[in-house]
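What follows is one structure encoded as structure tokens, with my remarks underneath.
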Amino acid sequence: MAVKVIIPTPLRQYAGKQESVEVQAATVADALSALTSQFGDLKKHLFNEEGRLRSFVNVYVNDEDIRYLEKDKTSVKAGDTISIVPSIAGGANPERI
Amino acid sequence: MATKTGVPAADENQPVTLSKEEILRYSRHLIMPEVGMEGQLKLKAAKVLCIGTGGLGAPLGLYLAAAGVGRIGLVDFDVVDFTNLQRQVLFGTTDVGRPKISAAADRLRNINPEIQIDTFETHLDSSNALELFKDYDIIVDGTDNFPTRYLVNDACVILGKPNVYGSIFRFEGQITLFGYPGGPCYRCLYPEPPPPGLVPSCAEGGVLGVLPGIVGTIQAAETLKLIIGQGEPLIGRLLLFDALAMKFRELKLRKNPECPVCGEHPTVTKLIDYVEFCGIRGEEAPSTVTNIPEITPKELKARLDQGKDIYILDVREPHEYQICNIHGHLIPLGELPKRVHELDSSREIVAHCKSGKRSAQAVEFLQKAGFKKIANLKGGILAWSDEVDPKVPKY
């Protein structure tokens with residue numbers, strides 16, 4: 001089933017600079033795996049070494065946090081929107097590097 | 001160090017009233033039933049602490065002062081610089097070099113001399129946050145870094161004070177109300193700050209100047225609504241704003257029973273200074289790169305003047321190259337692995353970026369790829385501007 005994954009601004013550089021990506025998936029896990037197989041660089045920003053979602057990244061199906069659904073086993077249906085929402089601190093002056 | 005300016009806040013034992021001048025000043029509030037005299041008196045009695053007087057704090061301070069919030073505390077330690085003026089509309093060109101706190105207090109006092117402005121020129125940390133917060137009803141988080149955001153959140157939860165949260169990244173903002181009794185807190189959403197190394201670097205820095213204006217103004221609106229007790233506060237709702245798409249979206253936020261600070265079995269029971277291991281202002285991990293050969297700008301200039309064949313490799317982003325360059329060959333750090341064949345390992349190569357960190361990574365990568373005659377320009381193009389060619393603009 002085709003679902004839309006919305007890529008947040010900080011991660012767009014790892015996803016071909018796209019705002020959203022359409023993937024075929026039946027669950028959130030499928031969708032994220034389809035996404036990271038298409039954009040390998042995204043993987044380390046979404047998952048830790050154990051393959052679990054990082055604690056500063058939340059995933060929503062439509063307007064609901066998957067932590068309060070069935071986590072990555074949450075099913076998705078055609079037309080659903082998955083949002084990746086990382087924490088952002090703000091600030092226009094990152095350290096000079 | 002706290003200093004107070006303006007009219008003292010109303011004595012809590014005395015009924016709050018409005019003077020004739022105040023009635024005229026606030027008449028557009030007073031004639032609206034949602035605010036009215038009752039709401040305006042609540043505003044006058046309210047005490048709001050603004051953490052940060054930068055991009056978010058600017059519109060926030062301006063609107064809270066104009067609206068007649070009786071006591072506004074400002075916390076900042078910074079000095080106004082030229083790069084602030086693109087978005088920090090509290091400040092003017094003549095304020096450059098002044099402490100933000102002083103410039104902000106002057107501006108707010110000019111907007112509304114009827115209110116009290118408290119200024120705290122200090123770094124917020126675990127030793128002073130609770131003491132600073134305790135006199136205020138509402139805390140507004142207008143900071144720009146993870147350690148302070150976690151500190152503000154935890155202090156608000158411990159003291160039971162609402163935390164009006166706003167944060168920004170380039171074109172995107174997040175706004176919500178944390179710490180309201182029964183509602184979620186920042187750690188319900190994100191239990192821990194990101195580790196160093198996985199936060200954006202300066203290659204991805206910058207912000208559309210108007211974005212903090214929009215987000216800070218929404219924070220001001222939420223603060224005013226909370227004080228007058230009108231409308232639907234952003235409790236349990238995360239508002240996402242994308243200025244490029246010009247879209248607002250709303251996601252549900254829930255109080256997490258396992259939250260490390262406001263959950264049933266809290267593990268965070270005192271304030272934590274994350275600064276020690278988590279860089280401030282979104283900086284990357286301290287470089288672990290060691291033994292990188294370096295060349296100073298003056299040495300490079302001397303060698304070029306001697307006619308040495310040196311290949312200058314610029315690993316910044318194309319939009320940075322457009323701001324200024326020293327005629328290097330541009331290969332952004334992220335593209336280096338797949339474009340390494342463009343480099344000739346028999347030539348002497350000097351890599352540079354803005355200030356030397358990204359190019360150190362490039363040098364390390366190229367050394368591993370077998371390059372021997374390679375060095376990092378110490379201090380980057382900023383040092384080149386300082387030490388060799390002041391015509392190169394700094395950014």
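How things are named: the first chain in the structure tokens is A, the next is B, and so on; residues count from 1 in each chain; ligands count from 1 in the order shown.
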
- Query: Could you write out, as a ChimeraX atom specification, all the residues of stretch 216-385 of chain B that DSSP marks as helix (DSSP H, G or I)?
  - Reply: /B:216-228,274-276,280-282,297-305,318-323,333-342,357-368,380-385

For the residues in the current selection, export C-alpha atoms as an mmCIF file, in the first residue's frame.
data_model
loop_
_atom_site.group_PDB
_atom_site.id
_atom_site.type_symbol
_atom_site.label_atom_id
_atom_site.label_comp_id
_atom_site.auth_asym_id
_atom_site.auth_seq_id
_atom_site.Cartn_x
_atom_site.Cartn_y
_atom_site.Cartn_z
ATOM 1 C CA GLY B 216 8.083 33.315 18.869
ATOM 2 C CA THR B 217 4.845 35.125 18.117
ATOM 3 C CA ILE B 218 2.914 31.865 18.499
ATOM 4 C CA GLN B 219 4.674 31.349 21.838
ATOM 5 C CA ALA B 220 3.582 34.862 22.834
ATOM 6 C CA ALA B 221 -0.009 34.089 21.848
ATOM 7 C CA GLU B 222 0.006 30.875 23.920
ATOM 8 C CA THR B 223 1.487 32.726 26.886
ATOM 9 C CA LEU B 224 -1.147 35.464 26.749
ATOM 10 C CA LYS B 225 -3.978 32.908 26.350
ATOM 11 C CA LEU B 226 -2.676 30.991 29.339
ATOM 12 C CA ILE B 227 -2.638 34.144 31.468
ATOM 13 C CA ILE B 228 -6.122 35.312 30.557
ATOM 14 C CA TYR B 274 24.275 18.296 29.691
ATOM 15 C CA VAL B 275 26.856 20.783 28.470
ATOM 16 C CA GLU B 276 29.622 18.507 29.669
ATOM 17 C CA ILE B 280 25.828 23.440 22.938
ATOM 18 C CA ARG B 281 24.254 25.234 20.019
ATOM 19 C CA GLY B 282 24.008 22.087 17.970
ATOM 20 C CA PRO B 297 47.229 30.547 6.691
ATOM 21 C CA LYS B 298 50.504 32.513 6.793
ATOM 22 C CA GLU B 299 52.559 29.420 5.971
ATOM 23 C CA LEU B 300 50.225 28.582 3.094
ATOM 24 C CA LYS B 301 50.435 32.125 1.761
ATOM 25 C CA ALA B 302 54.245 32.034 1.946
ATOM 26 C CA ARG B 303 54.391 28.730 0.083
ATOM 27 C CA LEU B 304 52.021 29.941 -2.602
ATOM 28 C CA ASP B 305 54.090 33.129 -2.959
ATOM 29 C CA PRO B 318 28.425 25.376 -2.764
ATOM 30 C CA HIS B 319 26.352 28.125 -1.108
ATOM 31 C CA GLU B 320 29.231 28.830 1.254
ATOM 32 C CA TYR B 321 31.654 28.995 -1.702
ATOM 33 C CA GLN B 322 29.447 31.720 -3.167
ATOM 34 C CA ILE B 323 29.833 33.823 -0.011
ATOM 35 C CA LEU B 333 32.759 16.926 2.560
ATOM 36 C CA GLY B 334 29.735 14.704 2.000
ATOM 37 C CA GLU B 335 30.663 14.164 -1.656
ATOM 38 C CA LEU B 336 34.328 13.467 -1.050
ATOM 39 C CA PRO B 337 34.113 9.647 -0.967
ATOM 40 C CA LYS B 338 32.557 9.433 -4.408
ATOM 41 C CA ARG B 339 34.638 12.249 -5.935
ATOM 42 C CA VAL B 340 38.015 11.297 -4.519
ATOM 43 C CA HIS B 341 39.177 10.332 -8.034
ATOM 44 C CA GLU B 342 39.164 14.037 -8.928
ATOM 45 C CA LYS B 357 36.734 20.962 11.520
ATOM 46 C CA ARG B 358 35.146 19.591 8.383
ATOM 47 C CA SER B 359 38.458 19.835 6.531
ATOM 48 C CA ALA B 360 40.148 17.897 9.363
ATOM 49 C CA GLN B 361 37.678 15.102 8.670
ATOM 50 C CA ALA B 362 38.460 15.390 4.965
ATOM 51 C CA VAL B 363 42.204 15.138 5.648
ATOM 52 C CA GLU B 364 41.679 12.105 7.843
ATOM 53 C CA PHE B 365 39.565 10.458 5.146
ATOM 54 C CA LEU B 366 42.111 11.193 2.432
ATOM 55 C CA GLN B 367 44.994 9.927 4.571
ATOM 56 C CA LYS B 368 43.143 6.647 4.953
ATOM 57 C CA GLY B 380 39.847 27.621 7.880
ATOM 58 C CA ILE B 381 38.848 30.494 5.639
ATOM 59 C CA LEU B 382 37.976 32.584 8.706
ATOM 60 C CA ALA B 383 41.625 32.441 9.813
ATOM 61 C CA TRP B 384 42.715 33.171 6.235
ATOM 62 C CA SER B 385 40.581 36.338 6.402
#

Give me the residues of chain A that have any atom at most 12 Å from an atom of chain B; for each, the nearest atom pair and the distance in Å, rounded to one decimal. Use only C-alpha atoms, sort by chain and number, and format it as a Markdown table.
| residue | atom | partner | partner_atom | distance |
| --- | --- | --- | --- | --- |
| A:Ile6 | CA | B:Arg249 | CA | 11.5 |
| A:Ile7 | CA | B:Glu172 | CA | 11.5 |
| A:Pro8 | CA | B:Glu172 | CA | 8.2 |
| A:Thr9 | CA | B:Glu172 | CA | 6.8 |
| A:Pro10 | CA | B:Pro200 | CA | 7.0 |
| A:Leu11 | CA | B:Pro200 | CA | 9.1 |
| A:Arg12 | CA | B:Glu204 | CA | 10.6 |
| A:Gln13 | CA | B:Glu204 | CA | 8.8 |
| A:Tyr14 | CA | B:Gly334 | CA | 10.1 |
| A:Glu19 | CA | B:Ala245 | CA | 9.3 |
| A:Ser20 | CA | B:Ala245 | CA | 11.7 |
| A:Asp41 | CA | B:Gly334 | CA | 10.6 |
| A:Leu42 | CA | B:Leu198 | CA | 11.2 |
| A:Lys43 | CA | B:Leu198 | CA | 11.7 |
| A:Lys44 | CA | B:Leu198 | CA | 8.6 |
| A:His45 | CA | B:Leu198 | CA | 6.8 |
| A:Leu46 | CA | B:Leu198 | CA | 10.0 |
| A:Phe47 | CA | B:Leu198 | CA | 11.2 |
| A:Asn48 | CA | B:Pro195 | CA | 10.9 |
| A:Leu53 | CA | B:Tyr190 | CA | 11.5 |
| A:Arg54 | CA | B:Pro194 | CA | 8.4 |
| A:Ser55 | CA | B:Tyr190 | CA | 6.0 |
| A:Phe56 | CA | B:Tyr190 | CA | 5.1 |
| A:Val57 | CA | B:Tyr190 | CA | 7.3 |
| A:Asn58 | CA | B:Leu189 | CA | 7.7 |
| A:Val59 | CA | B:Leu251 | CA | 10.4 |
| A:Tyr60 | CA | B:Leu251 | CA | 7.8 |
| A:Val61 | CA | B:Leu251 | CA | 9.4 |
| A:Asn62 | CA | B:Leu251 | CA | 7.8 |
| A:Asp63 | CA | B:Leu251 | CA | 4.4 |
| A:Glu64 | CA | B:Lys252 | CA | 5.6 |
| A:Asp65 | CA | B:Lys252 | CA | 6.9 |
| A:Ile66 | CA | B:Lys252 | CA | 10.6 |
| A:Arg67 | CA | B:Asn256 | CA | 9.4 |
| A:Tyr68 | CA | B:Arg254 | CA | 8.4 |
| A:Leu69 | CA | B:Arg254 | CA | 11.8 |
| A:Thr81 | CA | B:Leu251 | CA | 11.7 |
| A:Ile82 | CA | B:Leu251 | CA | 11.2 |
| A:Ser83 | CA | B:Leu251 | CA | 9.3 |
| A:Ile84 | CA | B:Leu251 | CA | 11.2 |
| A:Val85 | CA | B:Leu240 | CA | 9.2 |
| A:Pro86 | CA | B:Tyr190 | CA | 8.5 |
| A:Ser87 | CA | B:Tyr190 | CA | 7.0 |
| A:Ile88 | CA | B:Ser167 | CA | 6.4 |
| A:Ala89 | CA | B:Asn145 | CA | 4.9 |
| A:Gly90 | CA | B:Ile168 | CA | 4.3 |
| A:Gly91 | CA | B:Asp144 | CA | 4.2 |
| A:Ala92 | CA | B:Gly206 | CA | 4.5 |
| A:Asn93 | CA | B:Gly205 | CA | 6.6 |
| A:Pro94 | CA | B:Cys202 | CA | 5.1 |
| A:Glu95 | CA | B:Glu283 | CA | 5.0 |
| A:Arg96 | CA | B:Ser355 | CA | 5.9 |
| A:Ile97 | CA | B:Lys357 | CA | 4.6 |

Deliver the residues from the most recent selection as a file, using C-alpha atoms, as a PDB file, in the first residue's frame.
ATOM      1  CA  ILE A   6       7.232  13.137   5.491  1.00  0.00           C
ATOM      2  CA  ILE A   7      10.942  13.867   5.883  1.00  0.00           C
ATOM      3  CA  PRO A   8      11.766  16.652   8.355  1.00  0.00           C
ATOM      4  CA  THR A   9      14.090  19.464   7.294  1.00  0.00           C
ATOM      5  CA  PRO A  10      17.174  18.226   9.223  1.00  0.00           C
ATOM      6  CA  LEU A  11      17.019  14.811   7.542  1.00  0.00           C
ATOM      7  CA  ARG A  12      16.197  15.908   4.003  1.00  0.00           C
ATOM      8  CA  GLN A  13      19.881  16.055   3.113  1.00  0.00           C
ATOM      9  CA  TYR A  14      20.027  12.282   3.629  1.00  0.00           C
ATOM     10  CA  GLU A  19      10.160  16.721   1.537  1.00  0.00           C
ATOM     11  CA  SER A  20       8.328  13.443   1.336  1.00  0.00           C
ATOM     12  CA  ASP A  41      22.489   7.497   4.932  1.00  0.00           C
ATOM     13  CA  LEU A  42      19.178   7.966   6.758  1.00  0.00           C
ATOM     14  CA  LYS A  43      19.614   4.753   8.691  1.00  0.00           C
ATOM     15  CA  LYS A  44      22.074   5.913  11.337  1.00  0.00           C
ATOM     16  CA  HIS A  45      19.995   9.040  11.932  1.00  0.00           C
ATOM     17  CA  LEU A  46      16.842   7.036  12.597  1.00  0.00           C
ATOM     18  CA  PHE A  47      18.112   3.887  14.314  1.00  0.00           C
ATOM     19  CA  ASN A  48      20.708   3.100  16.959  1.00  0.00           C
ATOM     20  CA  LEU A  53      14.434   4.059  16.795  1.00  0.00           C
ATOM     21  CA  ARG A  54      16.596   6.736  18.359  1.00  0.00           C
ATOM     22  CA  SER A  55      15.237   8.439  21.468  1.00  0.00           C
ATOM     23  CA  PHE A  56      15.279  11.872  19.820  1.00  0.00           C
ATOM     24  CA  VAL A  57      13.277  10.702  16.806  1.00  0.00           C
ATOM     25  CA  ASN A  58       9.547  10.081  16.985  1.00  0.00           C
ATOM     26  CA  VAL A  59       7.370   8.551  14.323  1.00  0.00           C
ATOM     27  CA  TYR A  60       3.732   9.353  13.801  1.00  0.00           C
ATOM     28  CA  VAL A  61       1.066   7.697  11.716  1.00  0.00           C
ATOM     29  CA  ASN A  62      -1.227  10.541  10.758  1.00  0.00           C
ATOM     30  CA  ASP A  63      -1.426  12.503  14.042  1.00  0.00           C
ATOM     31  CA  GLU A  64      -0.710   9.646  16.466  1.00  0.00           C
ATOM     32  CA  ASP A  65       2.646   8.721  18.002  1.00  0.00           C
ATOM     33  CA  ILE A  66       3.454   5.074  17.206  1.00  0.00           C
ATOM     34  CA  ARG A  67       4.719   4.617  20.780  1.00  0.00           C
ATOM     35  CA  TYR A  68       1.030   4.722  21.789  1.00  0.00           C
ATOM     36  CA  LEU A  69      -0.073   2.488  18.904  1.00  0.00           C
ATOM     37  CA  THR A  81       0.935   9.759   6.263  1.00  0.00           C
ATOM     38  CA  ILE A  82       3.953   8.772   8.331  1.00  0.00           C
ATOM     39  CA  SER A  83       5.803  11.701   9.905  1.00  0.00           C
ATOM     40  CA  ILE A  84       9.347  11.516  11.204  1.00  0.00           C
ATOM     41  CA  VAL A  85       9.696  14.166  13.913  1.00  0.00           C
ATOM     42  CA  PRO A  86      13.203  14.666  15.337  1.00  0.00           C
ATOM     43  CA  SER A  87      13.962  17.004  18.192  1.00  0.00           C
ATOM     44  CA  ILE A  88      15.315  20.326  17.020  1.00  0.00           C
ATOM     45  CA  ALA A  89      17.032  22.753  19.346  1.00  0.00           C
ATOM     46  CA  GLY A  90      16.821  25.920  17.339  1.00  0.00           C
ATOM     47  CA  GLY A  91      19.613  28.344  16.876  1.00  0.00           C
ATOM     48  CA  ALA A  92      21.059  29.809  13.770  1.00  0.00           C
ATOM     49  CA  ASN A  93      24.670  29.768  14.924  1.00  0.00           C
ATOM     50  CA  PRO A  94      25.939  26.234  15.021  1.00  0.00           C
ATOM     51  CA  GLU A  95      29.512  26.102  16.128  1.00  0.00           C
ATOM     52  CA  ARG A  96      31.949  27.033  13.419  1.00  0.00           C
ATOM     53  CA  ILE A  97      33.218  23.928  11.754  1.00  0.00           C
TER      54      ILE A  97
END

- Can you tell me, as a PyMOL selection string, what residues are no more than 8 Å from B:Asn163 when counting only C-alpha atoms, ignoring any on the same chain fewer than 5 positions away? chain B and resi 138-141+152-153+156+177-180
